[in-house]
file query32.txt (compact mmCIF, N, CA and C atoms)
# COMPACT_ATOMS: atom_id res chain seq x y z
N MET A 1 0.86 -1.18 0.00
CA MET A 1 0.00 0.00 0.00
C MET A 1 0.90 1.24 0.00
N ASN A 2 0.60 2.20 -0.87
CA ASN A 2 1.44 3.40 -0.91
C ASN A 2 1.10 4.34 0.25
N ASN A 3 1.93 5.37 0.44
CA ASN A 3 1.76 6.29 1.58
C ASN A 3 0.41 6.99 1.58
N LYS A 4 -0.05 7.44 0.41
CA LYS A 4 -1.33 8.16 0.32
C LYS A 4 -2.48 7.25 0.71
N LYS A 5 -2.49 6.03 0.17
CA LYS A 5 -3.57 5.07 0.50
C LYS A 5 -3.52 4.72 1.98
N SER A 6 -2.31 4.51 2.49
CA SER A 6 -2.14 4.17 3.90
C SER A 6 -2.62 5.32 4.78
N GLY A 7 -2.26 6.56 4.40
CA GLY A 7 -2.68 7.74 5.16
C GLY A 7 -4.19 7.92 5.12
N ASN A 8 -4.79 7.71 3.95
CA ASN A 8 -6.25 7.82 3.82
C ASN A 8 -6.95 6.77 4.67
N LYS A 9 -6.37 5.56 4.72
CA LYS A 9 -6.94 4.50 5.55
C LYS A 9 -6.87 4.88 7.03
N PHE A 10 -5.74 5.46 7.45
CA PHE A 10 -5.61 5.88 8.84
C PHE A 10 -6.64 6.95 9.18
N GLU A 11 -6.84 7.91 8.28
CA GLU A 11 -7.86 8.95 8.52
C GLU A 11 -9.23 8.32 8.71
N LYS A 12 -9.59 7.39 7.83
CA LYS A 12 -10.89 6.70 7.93
C LYS A 12 -10.98 5.90 9.23
N ASP A 13 -9.92 5.16 9.54
CA ASP A 13 -9.90 4.35 10.76
C ASP A 13 -9.99 5.23 12.01
N LEU A 14 -9.30 6.39 11.98
CA LEU A 14 -9.33 7.29 13.13
C LEU A 14 -10.73 7.86 13.31
N CYS A 15 -11.41 8.20 12.23
CA CYS A 15 -12.80 8.68 12.33
C CYS A 15 -13.68 7.61 12.98
N GLU A 16 -13.51 6.37 12.56
CA GLU A 16 -14.30 5.28 13.14
C GLU A 16 -13.96 5.08 14.61
N LEU A 17 -12.68 5.18 14.96
CA LEU A 17 -12.26 5.05 16.36
C LEU A 17 -12.85 6.18 17.19
N LEU A 18 -12.79 7.40 16.68
CA LEU A 18 -13.38 8.53 17.39
C LEU A 18 -14.88 8.32 17.60
N ALA A 19 -15.57 7.87 16.56
CA ALA A 19 -17.02 7.62 16.66
C ALA A 19 -17.31 6.56 17.71
N SER A 20 -16.46 5.54 17.79
CA SER A 20 -16.67 4.48 18.79
C SER A 20 -16.48 5.00 20.22
N LYS A 21 -15.81 6.15 20.35
CA LYS A 21 -15.58 6.77 21.66
C LYS A 21 -16.57 7.90 21.94
N GLY A 22 -17.62 8.01 21.11
CA GLY A 22 -18.66 8.99 21.36
C GLY A 22 -18.47 10.34 20.68
N PHE A 23 -17.52 10.43 19.77
CA PHE A 23 -17.30 11.66 19.03
C PHE A 23 -18.16 11.66 17.76
N TRP A 24 -18.53 12.84 17.32
CA TRP A 24 -18.99 13.02 15.95
C TRP A 24 -17.71 13.32 15.20
N ALA A 25 -17.45 12.62 14.13
CA ALA A 25 -16.19 12.80 13.39
C ALA A 25 -16.46 12.86 11.90
N TYR A 26 -15.86 13.84 11.25
CA TYR A 26 -16.02 14.05 9.82
C TYR A 26 -14.65 14.03 9.16
N ASN A 27 -14.48 13.13 8.20
CA ASN A 27 -13.24 13.02 7.45
C ASN A 27 -13.34 13.97 6.27
N CYS A 28 -12.57 15.03 6.29
CA CYS A 28 -12.60 16.05 5.23
C CYS A 28 -12.12 15.44 3.92
N PRO A 29 -12.81 15.75 2.84
CA PRO A 29 -12.40 15.18 1.54
C PRO A 29 -11.01 15.65 1.15
N ASN A 30 -10.23 14.73 0.60
CA ASN A 30 -8.89 15.08 0.11
C ASN A 30 -9.02 15.85 -1.19
N LYS A 31 -8.39 17.00 -1.24
CA LYS A 31 -8.41 17.82 -2.43
C LYS A 31 -7.01 17.87 -3.02
N THR A 32 -6.93 17.99 -4.32
CA THR A 32 -5.62 18.05 -4.96
C THR A 32 -4.82 19.27 -4.52
N SER A 33 -5.52 20.34 -4.17
CA SER A 33 -4.82 21.54 -3.73
C SER A 33 -4.51 21.53 -2.24
N GLY A 34 -4.81 20.44 -1.57
CA GLY A 34 -4.55 20.33 -0.14
C GLY A 34 -5.73 20.79 0.68
N GLN A 35 -5.70 20.48 1.94
CA GLN A 35 -6.74 20.91 2.86
C GLN A 35 -6.07 21.23 4.19
N PRO A 36 -6.72 22.05 5.00
CA PRO A 36 -6.07 22.48 6.24
C PRO A 36 -6.08 21.43 7.35
N ALA A 37 -6.91 20.41 7.24
CA ALA A 37 -6.96 19.36 8.26
C ALA A 37 -7.64 18.13 7.66
N ASP A 38 -7.46 17.01 8.33
CA ASP A 38 -8.05 15.76 7.85
C ASP A 38 -9.41 15.48 8.47
N ILE A 39 -9.57 15.85 9.74
CA ILE A 39 -10.76 15.46 10.50
C ILE A 39 -11.25 16.62 11.34
N ILE A 40 -12.56 16.77 11.38
CA ILE A 40 -13.21 17.66 12.35
C ILE A 40 -13.98 16.73 13.26
N ALA A 41 -13.75 16.84 14.56
CA ALA A 41 -14.43 15.96 15.52
C ALA A 41 -14.98 16.79 16.67
N SER A 42 -16.01 16.27 17.31
CA SER A 42 -16.61 16.98 18.44
C SER A 42 -17.22 15.99 19.41
N ARG A 43 -17.09 16.33 20.68
CA ARG A 43 -17.73 15.55 21.74
C ARG A 43 -17.96 16.49 22.92
N ASN A 44 -19.10 16.36 23.54
CA ASN A 44 -19.43 17.19 24.70
C ASN A 44 -19.30 18.68 24.42
N LYS A 45 -19.76 19.10 23.26
CA LYS A 45 -19.77 20.51 22.85
C LYS A 45 -18.37 21.10 22.68
N HIS A 46 -17.38 20.25 22.46
CA HIS A 46 -16.00 20.70 22.26
C HIS A 46 -15.48 20.15 20.94
N PRO A 47 -15.38 21.02 19.93
CA PRO A 47 -14.86 20.57 18.64
C PRO A 47 -13.33 20.60 18.59
N CYS A 48 -12.77 19.78 17.73
CA CYS A 48 -11.33 19.82 17.50
C CYS A 48 -11.03 19.53 16.04
N LEU A 49 -9.93 20.07 15.60
CA LEU A 49 -9.42 19.89 14.25
C LEU A 49 -8.24 18.94 14.37
N ILE A 50 -8.20 17.91 13.51
CA ILE A 50 -7.15 16.90 13.62
C ILE A 50 -6.48 16.67 12.26
N ASP A 51 -5.16 16.66 12.29
CA ASP A 51 -4.39 16.27 11.13
C ASP A 51 -3.80 14.90 11.46
N ALA A 52 -4.17 13.88 10.71
CA ALA A 52 -3.77 12.50 10.99
C ALA A 52 -2.56 12.11 10.14
N LYS A 53 -1.54 11.59 10.79
CA LYS A 53 -0.33 11.17 10.08
C LYS A 53 0.11 9.80 10.55
N GLU A 54 0.33 8.92 9.59
CA GLU A 54 0.86 7.60 9.91
C GLU A 54 2.38 7.68 9.86
N CYS A 55 3.03 7.24 10.91
CA CYS A 55 4.49 7.31 11.02
C CYS A 55 5.04 5.89 10.99
N ALA A 56 5.08 5.31 9.80
CA ALA A 56 5.46 3.90 9.64
C ALA A 56 6.86 3.62 10.19
N ASN A 57 7.77 4.59 10.08
CA ASN A 57 9.12 4.38 10.59
C ASN A 57 9.33 5.05 11.95
N ASP A 58 8.22 5.38 12.62
CA ASP A 58 8.25 5.97 13.96
C ASP A 58 8.96 7.32 14.01
N THR A 59 8.89 8.07 12.91
CA THR A 59 9.40 9.43 12.89
C THR A 59 8.37 10.33 12.21
N TYR A 60 8.42 11.61 12.56
CA TYR A 60 7.56 12.60 11.92
C TYR A 60 8.40 13.81 11.57
N ASP A 61 8.43 14.14 10.29
CA ASP A 61 9.20 15.27 9.80
C ASP A 61 8.35 16.52 9.96
N THR A 62 8.73 17.41 10.86
CA THR A 62 7.91 18.57 11.19
C THR A 62 7.79 19.57 10.04
N VAL A 63 8.66 19.49 9.05
CA VAL A 63 8.52 20.38 7.90
C VAL A 63 7.33 19.97 7.02
N ARG A 64 6.73 18.82 7.32
CA ARG A 64 5.52 18.41 6.61
C ARG A 64 4.32 19.26 6.99
N ILE A 65 4.43 20.03 8.07
CA ILE A 65 3.33 20.90 8.48
C ILE A 65 3.27 22.05 7.47
N GLU A 66 2.20 22.08 6.73
CA GLU A 66 2.05 23.10 5.69
C GLU A 66 1.53 24.40 6.29
N GLU A 67 1.82 25.49 5.59
CA GLU A 67 1.41 26.81 6.07
C GLU A 67 -0.11 26.90 6.24
N ASN A 68 -0.86 26.31 5.30
CA ASN A 68 -2.33 26.37 5.43
C ASN A 68 -2.82 25.57 6.63
N GLN A 69 -2.14 24.50 6.99
CA GLN A 69 -2.50 23.73 8.18
C GLN A 69 -2.23 24.55 9.44
N LYS A 70 -1.05 25.14 9.48
CA LYS A 70 -0.67 25.95 10.64
C LYS A 70 -1.65 27.11 10.81
N ASN A 71 -1.94 27.81 9.74
CA ASN A 71 -2.84 28.96 9.81
C ASN A 71 -4.26 28.56 10.19
N SER A 72 -4.74 27.46 9.64
CA SER A 72 -6.11 27.04 9.97
C SER A 72 -6.23 26.62 11.43
N MET A 73 -5.19 25.98 11.96
CA MET A 73 -5.25 25.58 13.37
C MET A 73 -5.18 26.80 14.29
N PHE A 74 -4.38 27.78 13.92
CA PHE A 74 -4.37 29.02 14.71
C PHE A 74 -5.73 29.69 14.66
N LEU A 75 -6.32 29.81 13.48
CA LEU A 75 -7.62 30.46 13.33
C LEU A 75 -8.71 29.66 14.04
N TRP A 76 -8.62 28.34 13.96
CA TRP A 76 -9.57 27.46 14.65
C TRP A 76 -9.58 27.79 16.15
N GLU A 77 -8.39 27.87 16.73
CA GLU A 77 -8.28 28.17 18.16
C GLU A 77 -8.71 29.62 18.45
N TYR A 78 -8.28 30.54 17.63
CA TYR A 78 -8.57 31.96 17.84
C TYR A 78 -10.07 32.23 17.84
N THR A 79 -10.83 31.48 17.05
CA THR A 79 -12.27 31.70 16.96
C THR A 79 -13.05 30.91 18.02
N GLY A 80 -12.34 30.35 18.99
CA GLY A 80 -13.01 29.73 20.13
C GLY A 80 -13.33 28.26 20.01
N ASN A 81 -12.71 27.58 19.07
CA ASN A 81 -13.01 26.16 18.85
C ASN A 81 -12.07 25.20 19.56
N GLY A 82 -11.20 25.69 20.39
CA GLY A 82 -10.26 24.80 21.06
C GLY A 82 -9.02 24.57 20.21
N LEU A 83 -8.23 23.61 20.60
CA LEU A 83 -6.95 23.34 19.95
C LEU A 83 -7.10 22.47 18.71
N GLY A 84 -6.12 22.61 17.83
CA GLY A 84 -5.96 21.66 16.73
C GLY A 84 -4.96 20.61 17.20
N TYR A 85 -5.07 19.42 16.65
CA TYR A 85 -4.21 18.31 17.06
C TYR A 85 -3.60 17.59 15.88
N PHE A 86 -2.44 17.01 16.12
CA PHE A 86 -1.83 16.08 15.20
C PHE A 86 -1.99 14.70 15.84
N ALA A 87 -2.59 13.77 15.09
CA ALA A 87 -2.72 12.39 15.54
C ALA A 87 -1.64 11.60 14.82
N LEU A 88 -0.63 11.15 15.56
CA LEU A 88 0.48 10.42 14.96
C LEU A 88 0.39 8.95 15.33
N LYS A 89 0.29 8.13 14.30
CA LYS A 89 0.19 6.67 14.50
C LYS A 89 1.56 6.05 14.29
N LEU A 90 2.07 5.38 15.32
CA LEU A 90 3.37 4.74 15.25
C LEU A 90 3.25 3.34 14.65
N SER A 91 4.39 2.74 14.37
CA SER A 91 4.40 1.44 13.69
C SER A 91 3.73 0.33 14.49
N ASP A 92 3.66 0.47 15.81
CA ASP A 92 3.01 -0.55 16.63
C ASP A 92 1.50 -0.31 16.77
N GLY A 93 1.00 0.70 16.06
CA GLY A 93 -0.44 0.98 16.09
C GLY A 93 -0.86 1.99 17.14
N GLN A 94 0.05 2.35 18.04
CA GLN A 94 -0.27 3.33 19.07
C GLN A 94 -0.44 4.71 18.43
N ILE A 95 -1.44 5.46 18.91
CA ILE A 95 -1.71 6.80 18.40
C ILE A 95 -1.44 7.80 19.52
N TYR A 96 -0.68 8.83 19.18
CA TYR A 96 -0.38 9.89 20.13
C TYR A 96 -0.94 11.20 19.59
N MET A 97 -1.60 11.95 20.46
CA MET A 97 -2.20 13.24 20.11
C MET A 97 -1.27 14.35 20.61
N ILE A 98 -0.88 15.23 19.68
CA ILE A 98 -0.02 16.35 20.02
C ILE A 98 -0.74 17.63 19.59
N ASP A 99 -0.95 18.55 20.53
CA ASP A 99 -1.65 19.78 20.16
C ASP A 99 -0.73 20.62 19.26
N HIS A 100 -1.35 21.43 18.42
CA HIS A 100 -0.57 22.14 17.40
C HIS A 100 0.42 23.13 18.00
N ASN A 101 0.12 23.72 19.14
CA ASN A 101 1.07 24.65 19.76
C ASN A 101 2.35 23.92 20.16
N SER A 102 2.20 22.75 20.76
CA SER A 102 3.37 21.95 21.16
C SER A 102 4.15 21.48 19.94
N MET A 103 3.41 21.11 18.88
CA MET A 103 4.08 20.64 17.66
C MET A 103 4.90 21.77 17.03
N LEU A 104 4.33 22.97 16.98
CA LEU A 104 5.06 24.08 16.37
C LEU A 104 6.26 24.51 17.21
N LEU A 105 6.14 24.38 18.52
CA LEU A 105 7.28 24.67 19.39
C LEU A 105 8.39 23.64 19.16
N ALA A 106 8.01 22.37 19.06
CA ALA A 106 8.99 21.32 18.80
C ALA A 106 9.66 21.54 17.45
N ARG A 107 8.89 22.01 16.48
CA ARG A 107 9.41 22.25 15.13
C ARG A 107 10.54 23.28 15.14
N GLN A 108 10.52 24.19 16.09
CA GLN A 108 11.58 25.20 16.17
C GLN A 108 12.92 24.58 16.58
N HIS A 109 12.86 23.42 17.22
CA HIS A 109 14.07 22.80 17.75
C HIS A 109 14.49 21.53 17.02
N LYS A 110 13.52 20.86 16.38
CA LYS A 110 13.84 19.58 15.74
C LYS A 110 13.11 19.47 14.41
N ARG A 111 13.84 19.11 13.41
CA ARG A 111 13.24 18.89 12.09
C ARG A 111 12.45 17.58 12.08
N THR A 112 13.00 16.58 12.74
CA THR A 112 12.37 15.26 12.76
C THR A 112 12.15 14.82 14.21
N LEU A 113 10.93 14.40 14.49
CA LEU A 113 10.62 13.83 15.80
C LEU A 113 10.76 12.32 15.71
N ASN A 114 11.50 11.73 16.65
CA ASN A 114 11.60 10.27 16.67
C ASN A 114 10.55 9.71 17.63
N ARG A 115 10.52 8.41 17.78
CA ARG A 115 9.52 7.75 18.61
C ARG A 115 9.51 8.33 20.03
N ALA A 116 10.68 8.49 20.62
CA ALA A 116 10.76 9.00 22.00
C ALA A 116 10.20 10.43 22.08
N ASP A 117 10.49 11.25 21.07
CA ASP A 117 9.96 12.61 21.03
C ASP A 117 8.44 12.60 20.95
N ILE A 118 7.91 11.77 20.09
CA ILE A 118 6.46 11.69 19.89
C ILE A 118 5.77 11.26 21.18
N ILE A 119 6.34 10.26 21.84
CA ILE A 119 5.77 9.77 23.10
C ILE A 119 5.87 10.84 24.18
N ASP A 120 7.01 11.54 24.22
CA ASP A 120 7.22 12.59 25.21
C ASP A 120 6.27 13.78 25.00
N LEU A 121 6.11 14.20 23.76
CA LEU A 121 5.26 15.36 23.45
C LEU A 121 3.77 15.04 23.48
N GLY A 122 3.46 13.82 23.10
CA GLY A 122 2.07 13.46 22.90
C GLY A 122 1.37 12.85 24.09
N THR A 123 0.07 12.70 23.91
CA THR A 123 -0.78 12.03 24.88
C THR A 123 -1.34 10.79 24.20
N PRO A 124 -1.21 9.60 24.84
CA PRO A 124 -1.78 8.41 24.21
C PRO A 124 -3.27 8.63 23.92
N PHE A 125 -3.74 8.12 22.79
CA PHE A 125 -5.10 8.38 22.33
C PHE A 125 -6.15 8.12 23.41
N ASP A 126 -6.11 6.94 24.06
CA ASP A 126 -7.15 6.63 25.06
C ASP A 126 -7.12 7.60 26.23
N GLU A 127 -5.95 8.04 26.61
CA GLU A 127 -5.83 9.03 27.68
C GLU A 127 -6.37 10.39 27.21
N TRP A 128 -6.08 10.74 25.98
CA TRP A 128 -6.58 12.00 25.39
C TRP A 128 -8.11 12.00 25.36
N VAL A 129 -8.69 10.88 25.00
CA VAL A 129 -10.16 10.77 24.93
C VAL A 129 -10.79 11.03 26.30
N LYS A 130 -10.15 10.55 27.35
CA LYS A 130 -10.70 10.74 28.70
C LYS A 130 -10.82 12.21 29.07
N GLY A 131 -10.01 13.07 28.46
CA GLY A 131 -10.05 14.50 28.72
C GLY A 131 -11.23 15.21 28.06
N TRP A 132 -12.00 14.50 27.30
CA TRP A 132 -13.15 15.09 26.60
C TRP A 132 -14.40 14.75 27.32
call {"tool": "encode", "arguments": {"input": "query32.txt", "output": "structure tokens"}}
result
Amino acid sequence: MNNKKSGNKFEKDLCELLASKGFWAYNCPNKTSGQPADIIASRNKHPCLIDAKECANDTYDTVRIEENQKNSMFLWEYTGNGLGYFALKLSDGQIYMIDHNSMLLARQHKRTLNRADIIDLGTPFDEWVKGW
């Protein structure tokens, strides 16, 4: 499976996982010109914007954060919708949620996040869900 198909599958699977945890989740259609986020989800009157990334080699290159993604997450938060998140899926299937502010701060110091960085910066998915 190529990266795009694998990434699209993760987005779909994450929407289903969110729904199973009581979220309303919408997988934004992929556009050739790009989109600012992959998923819009909400639970308990708290919406969030999520960019889902599969990290098959347990690394995430922070330069992959596009300007439109960064700007949309800032605007999302500025307009009262809460934080934007990056959902990073590691090779063992574990998903870590990293809020966009923390991700952008990490980007200033590291071009590539390794497994230890992702675990340190992120919140395991099930723990993150409990906060909603």
call {"tool": "select_by_dssp", "arguments": {"input": "query32.txt", "residues": "chain A", "states": "strand (DSSP E or B)", "output": "PDB file with N, CA and C atoms, keeping the file's coordinate frame"}}
result
ATOM      1  N   TRP A  24     -18.530  12.840  17.320  1.00  0.00           N
ATOM      2  CA  TRP A  24     -18.990  13.020  15.950  1.00  0.00           C
ATOM      3  C   TRP A  24     -17.710  13.320  15.200  1.00  0.00           C
ATOM      4  N   ALA A  25     -17.450  12.620  14.130  1.00  0.00           N
ATOM      5  CA  ALA A  25     -16.190  12.800  13.390  1.00  0.00           C
ATOM      6  C   ALA A  25     -16.460  12.860  11.900  1.00  0.00           C
ATOM      7  N   TYR A  26     -15.860  13.840  11.250  1.00  0.00           N
ATOM      8  CA  TYR A  26     -16.020  14.050   9.820  1.00  0.00           C
ATOM      9  C   TYR A  26     -14.650  14.030   9.160  1.00  0.00           C
ATOM     10  N   ASN A  27     -14.480  13.130   8.200  1.00  0.00           N
ATOM     11  CA  ASN A  27     -13.240  13.020   7.450  1.00  0.00           C
ATOM     12  C   ASN A  27     -13.340  13.970   6.270  1.00  0.00           C
ATOM     13  N   ILE A  39      -9.570  15.850   9.740  1.00  0.00           N
ATOM     14  CA  ILE A  39     -10.760  15.460  10.500  1.00  0.00           C
ATOM     15  C   ILE A  39     -11.250  16.620  11.340  1.00  0.00           C
ATOM     16  N   ILE A  40     -12.560  16.770  11.380  1.00  0.00           N
ATOM     17  CA  ILE A  40     -13.210  17.660  12.350  1.00  0.00           C
ATOM     18  C   ILE A  40     -13.980  16.730  13.260  1.00  0.00           C
ATOM     19  N   ALA A  41     -13.750  16.840  14.560  1.00  0.00           N
ATOM     20  CA  ALA A  41     -14.430  15.960  15.520  1.00  0.00           C
ATOM     21  C   ALA A  41     -14.980  16.790  16.670  1.00  0.00           C
ATOM     22  N   SER A  42     -16.010  16.270  17.310  1.00  0.00           N
ATOM     23  CA  SER A  42     -16.610  16.980  18.440  1.00  0.00           C
ATOM     24  C   SER A  42     -17.220  15.990  19.410  1.00  0.00           C
ATOM     25  N   ARG A  43     -17.090  16.330  20.680  1.00  0.00           N
ATOM     26  CA  ARG A  43     -17.730  15.550  21.740  1.00  0.00           C
ATOM     27  C   ARG A  43     -17.960  16.490  22.920  1.00  0.00           C
ATOM     28  N   HIS A  46     -17.380  20.250  22.460  1.00  0.00           N
ATOM     29  CA  HIS A  46     -16.000  20.700  22.260  1.00  0.00           C
ATOM     30  C   HIS A  46     -15.480  20.150  20.940  1.00  0.00           C
ATOM     31  N   PRO A  47     -15.380  21.020  19.930  1.00  0.00           N
ATOM     32  CA  PRO A  47     -14.860  20.570  18.640  1.00  0.00           C
ATOM     33  C   PRO A  47     -13.330  20.600  18.590  1.00  0.00           C
ATOM     34  N   CYS A  48     -12.770  19.780  17.730  1.00  0.00           N
ATOM     35  CA  CYS A  48     -11.330  19.820  17.500  1.00  0.00           C
ATOM     36  C   CYS A  48     -11.030  19.530  16.040  1.00  0.00           C
ATOM     37  N   LEU A  49      -9.930  20.070  15.600  1.00  0.00           N
ATOM     38  CA  LEU A  49      -9.420  19.890  14.250  1.00  0.00           C
ATOM     39  C   LEU A  49      -8.240  18.940  14.370  1.00  0.00           C
ATOM     40  N   ILE A  50      -8.200  17.910  13.510  1.00  0.00           N
ATOM     41  CA  ILE A  50      -7.150  16.900  13.620  1.00  0.00           C
ATOM     42  C   ILE A  50      -6.480  16.670  12.260  1.00  0.00           C
ATOM     43  N   ASP A  51      -5.160  16.660  12.290  1.00  0.00           N
ATOM     44  CA  ASP A  51      -4.390  16.270  11.130  1.00  0.00           C
ATOM     45  C   ASP A  51      -3.800  14.900  11.460  1.00  0.00           C
ATOM     46  N   ALA A  52      -4.170  13.880  10.710  1.00  0.00           N
ATOM     47  CA  ALA A  52      -3.770  12.500  10.990  1.00  0.00           C
ATOM     48  C   ALA A  52      -2.560  12.110  10.140  1.00  0.00           C
ATOM     49  N   LYS A  53      -1.540  11.590  10.790  1.00  0.00           N
ATOM     50  CA  LYS A  53      -0.330  11.170  10.080  1.00  0.00           C
ATOM     51  C   LYS A  53       0.110   9.800  10.550  1.00  0.00           C
ATOM     52  N   GLU A  54       0.330   8.920   9.590  1.00  0.00           N
ATOM     53  CA  GLU A  54       0.860   7.600   9.910  1.00  0.00           C
ATOM     54  C   GLU A  54       2.380   7.680   9.860  1.00  0.00           C
ATOM     55  N   TYR A  60       8.420  11.610  12.560  1.00  0.00           N
ATOM     56  CA  TYR A  60       7.560  12.600  11.920  1.00  0.00           C
ATOM     57  C   TYR A  60       8.400  13.810  11.570  1.00  0.00           C
ATOM     58  N   ASP A  61       8.430  14.140  10.290  1.00  0.00           N
ATOM     59  CA  ASP A  61       9.200  15.270   9.800  1.00  0.00           C
ATOM     60  C   ASP A  61       8.350  16.520   9.960  1.00  0.00           C
ATOM     61  N   GLY A  84      -6.120  22.610  17.830  1.00  0.00           N
ATOM     62  CA  GLY A  84      -5.960  21.660  16.730  1.00  0.00           C
ATOM     63  C   GLY A  84      -4.960  20.610  17.200  1.00  0.00           C
ATOM     64  N   TYR A  85      -5.070  19.420  16.650  1.00  0.00           N
ATOM     65  CA  TYR A  85      -4.210  18.310  17.060  1.00  0.00           C
ATOM     66  C   TYR A  85      -3.600  17.590  15.880  1.00  0.00           C
ATOM     67  N   PHE A  86      -2.440  17.010  16.120  1.00  0.00           N
ATOM     68  CA  PHE A  86      -1.830  16.080  15.200  1.00  0.00           C
ATOM     69  C   PHE A  86      -1.990  14.700  15.840  1.00  0.00           C
ATOM     70  N   ALA A  87      -2.590  13.770  15.090  1.00  0.00           N
ATOM     71  CA  ALA A  87      -2.720  12.390  15.540  1.00  0.00           C
ATOM     72  C   ALA A  87      -1.640  11.600  14.820  1.00  0.00           C
ATOM     73  N   LEU A  88      -0.630  11.150  15.560  1.00  0.00           N
ATOM     74  CA  LEU A  88       0.480  10.420  14.960  1.00  0.00           C
ATOM     75  C   LEU A  88       0.390   8.950  15.330  1.00  0.00           C
ATOM     76  N   LYS A  89       0.290   8.130  14.300  1.00  0.00           N
ATOM     77  CA  LYS A  89       0.190   6.670  14.500  1.00  0.00           C
ATOM     78  C   LYS A  89       1.560   6.050  14.290  1.00  0.00           C
ATOM     79  N   ILE A  95      -1.440   5.460  18.910  1.00  0.00           N
ATOM     80  CA  ILE A  95      -1.710   6.800  18.400  1.00  0.00           C
ATOM     81  C   ILE A  95      -1.440   7.800  19.520  1.00  0.00           C
ATOM     82  N   TYR A  96      -0.680   8.830  19.180  1.00  0.00           N
ATOM     83  CA  TYR A  96      -0.380   9.890  20.130  1.00  0.00           C
ATOM     84  C   TYR A  96      -0.940  11.200  19.590  1.00  0.00           C
ATOM     85  N   MET A  97      -1.600  11.950  20.460  1.00  0.00           N
ATOM     86  CA  MET A  97      -2.200  13.240  20.110  1.00  0.00           C
ATOM     87  C   MET A  97      -1.270  14.350  20.610  1.00  0.00           C
ATOM     88  N   ILE A  98      -0.880  15.230  19.680  1.00  0.00           N
ATOM     89  CA  ILE A  98      -0.020  16.350  20.020  1.00  0.00           C
ATOM     90  C   ILE A  98      -0.740  17.630  19.590  1.00  0.00           C
ATOM     91  N   ASP A  99      -0.950  18.550  20.530  1.00  0.00           N
ATOM     92  CA  ASP A  99      -1.650  19.780  20.160  1.00  0.00           C
ATOM     93  C   ASP A  99      -0.730  20.620  19.260  1.00  0.00           C
ATOM     94  N   THR A 112      13.000  16.580  12.740  1.00  0.00           N
ATOM     95  CA  THR A 112      12.370  15.260  12.760  1.00  0.00           C
ATOM     96  C   THR A 112      12.150  14.820  14.210  1.00  0.00           C
ATOM     97  N   LEU A 113      10.930  14.400  14.490  1.00  0.00           N
ATOM     98  CA  LEU A 113      10.620  13.830  15.800  1.00  0.00           C
ATOM     99  C   LEU A 113      10.760  12.320  15.710  1.00  0.00           C
ATOM    100  N   THR A 123       0.070  12.700  23.910  1.00  0.00           N
ATOM    101  CA  THR A 123      -0.780  12.030  24.880  1.00  0.00           C
ATOM    102  C   THR A 123      -1.340  10.790  24.200  1.00  0.00           C
ATOM    103  N   PRO A 124      -1.210   9.600  24.840  1.00  0.00           N
ATOM    104  CA  PRO A 124      -1.780   8.410  24.210  1.00  0.00           C
ATOM    105  C   PRO A 124      -3.270   8.630  23.920  1.00  0.00           C
TER     106      PRO A 124
END
call {"tool": "atom_distance", "arguments": {"input": "query32.txt", "atom1": "CA of Ser20 (chain A)", "atom2": "CA of Lys53 (chain A)"}}
result
19.7 Å
call {"tool": "atom_distance", "arguments": {"input": "query32.txt", "atom1": "CA of Thr123 (chain A)", "atom2": "CA of Tyr85 (chain A)"}}
result
10.6 Å
call {"tool": "residues_around", "arguments": {"input": "query32.txt", "residues": "Leu121 (chain A)", "least_positions_apart": "5", "cutoff": "10 Å", "atoms": "only C-alpha atoms", "output": "short mmCIF file (atom, residue, chain, number, x, y, z; two decimals) with N, CA and C atoms, in the frame of the given file"}}
result
data_model
loop_
_atom_site.label_atom_id
_atom_site.label_comp_id
_atom_site.auth_asym_id
_atom_site.auth_seq_id
_atom_site.Cartn_x
_atom_site.Cartn_y
_atom_site.Cartn_z
N TYR A 96 -0.68 8.83 19.18
CA TYR A 96 -0.38 9.89 20.13
C TYR A 96 -0.94 11.20 19.59
N MET A 97 -1.60 11.95 20.46
CA MET A 97 -2.20 13.24 20.11
C MET A 97 -1.27 14.35 20.61
N ILE A 98 -0.88 15.23 19.68
CA ILE A 98 -0.02 16.35 20.02
C ILE A 98 -0.74 17.63 19.59
N ASP A 99 -0.95 18.55 20.53
CA ASP A 99 -1.65 19.78 20.16
C ASP A 99 -0.73 20.62 19.26
N SER A 102 2.20 22.75 20.76
CA SER A 102 3.37 21.95 21.16
C SER A 102 4.15 21.48 19.94
N MET A 103 3.41 21.11 18.88
CA MET A 103 4.08 20.64 17.66
C MET A 103 4.90 21.77 17.03
N ALA A 106 8.01 22.37 19.06
CA ALA A 106 8.99 21.32 18.80
C ALA A 106 9.66 21.54 17.45
N LEU A 113 10.93 14.40 14.49
CA LEU A 113 10.62 13.83 15.80
C LEU A 113 10.76 12.32 15.71
N ARG A 115 10.52 8.41 17.78
CA ARG A 115 9.52 7.75 18.61
C ARG A 115 9.51 8.33 20.03
N ALA A 116 10.68 8.49 20.62
CA ALA A 116 10.76 9.00 22.00
C ALA A 116 10.20 10.43 22.08
#
call {"tool": "residues_around", "arguments": {"input": "query32.txt", "residues": "region 59-64 of chain A", "least_positions_apart": "3", "cutoff": "5 Å", "atoms": "only N, CA and C atoms", "output": "PyMOL selection string"}}
result
chain A and resi 55+111-114
call {"tool": "write_last_selection", "arguments": {"input": "query32.txt", "atoms": "N, CA and C atoms", "output": "JSON list (two decimals), in the coordinates of the input"}}
result
[["chain", "number", "residue", "atom", "x", "y", "z"],
["A", 55, "CYS", "N", 3.03, 7.24, 10.91],
["A", 55, "CYS", "CA", 4.49, 7.31, 11.02],
["A", 55, "CYS", "C", 5.04, 5.89, 10.99],
["A", 111, "ARG", "N", 13.84, 19.11, 13.41],
["A", 111, "ARG", "CA", 13.24, 18.89, 12.09],
["A", 111, "ARG", "C", 12.45, 17.58, 12.08],
["A", 112, "THR", "N", 13.00, 16.58, 12.74],
["A", 112, "THR", "CA", 12.37, 15.26, 12.76],
["A", 112, "THR", "C", 12.15, 14.82, 14.21],
["A", 113, "LEU", "N", 10.93, 14.40, 14.49],
["A", 113, "LEU", "CA", 10.62, 13.83, 15.80],
["A", 113, "LEU", "C", 10.76, 12.32, 15.71],
["A", 114, "ASN", "N", 11.50, 11.73, 16.65],
["A", 114, "ASN", "CA", 11.60, 10.27, 16.67],
["A", 114, "ASN", "C", 10.55, 9.71, 17.63]]
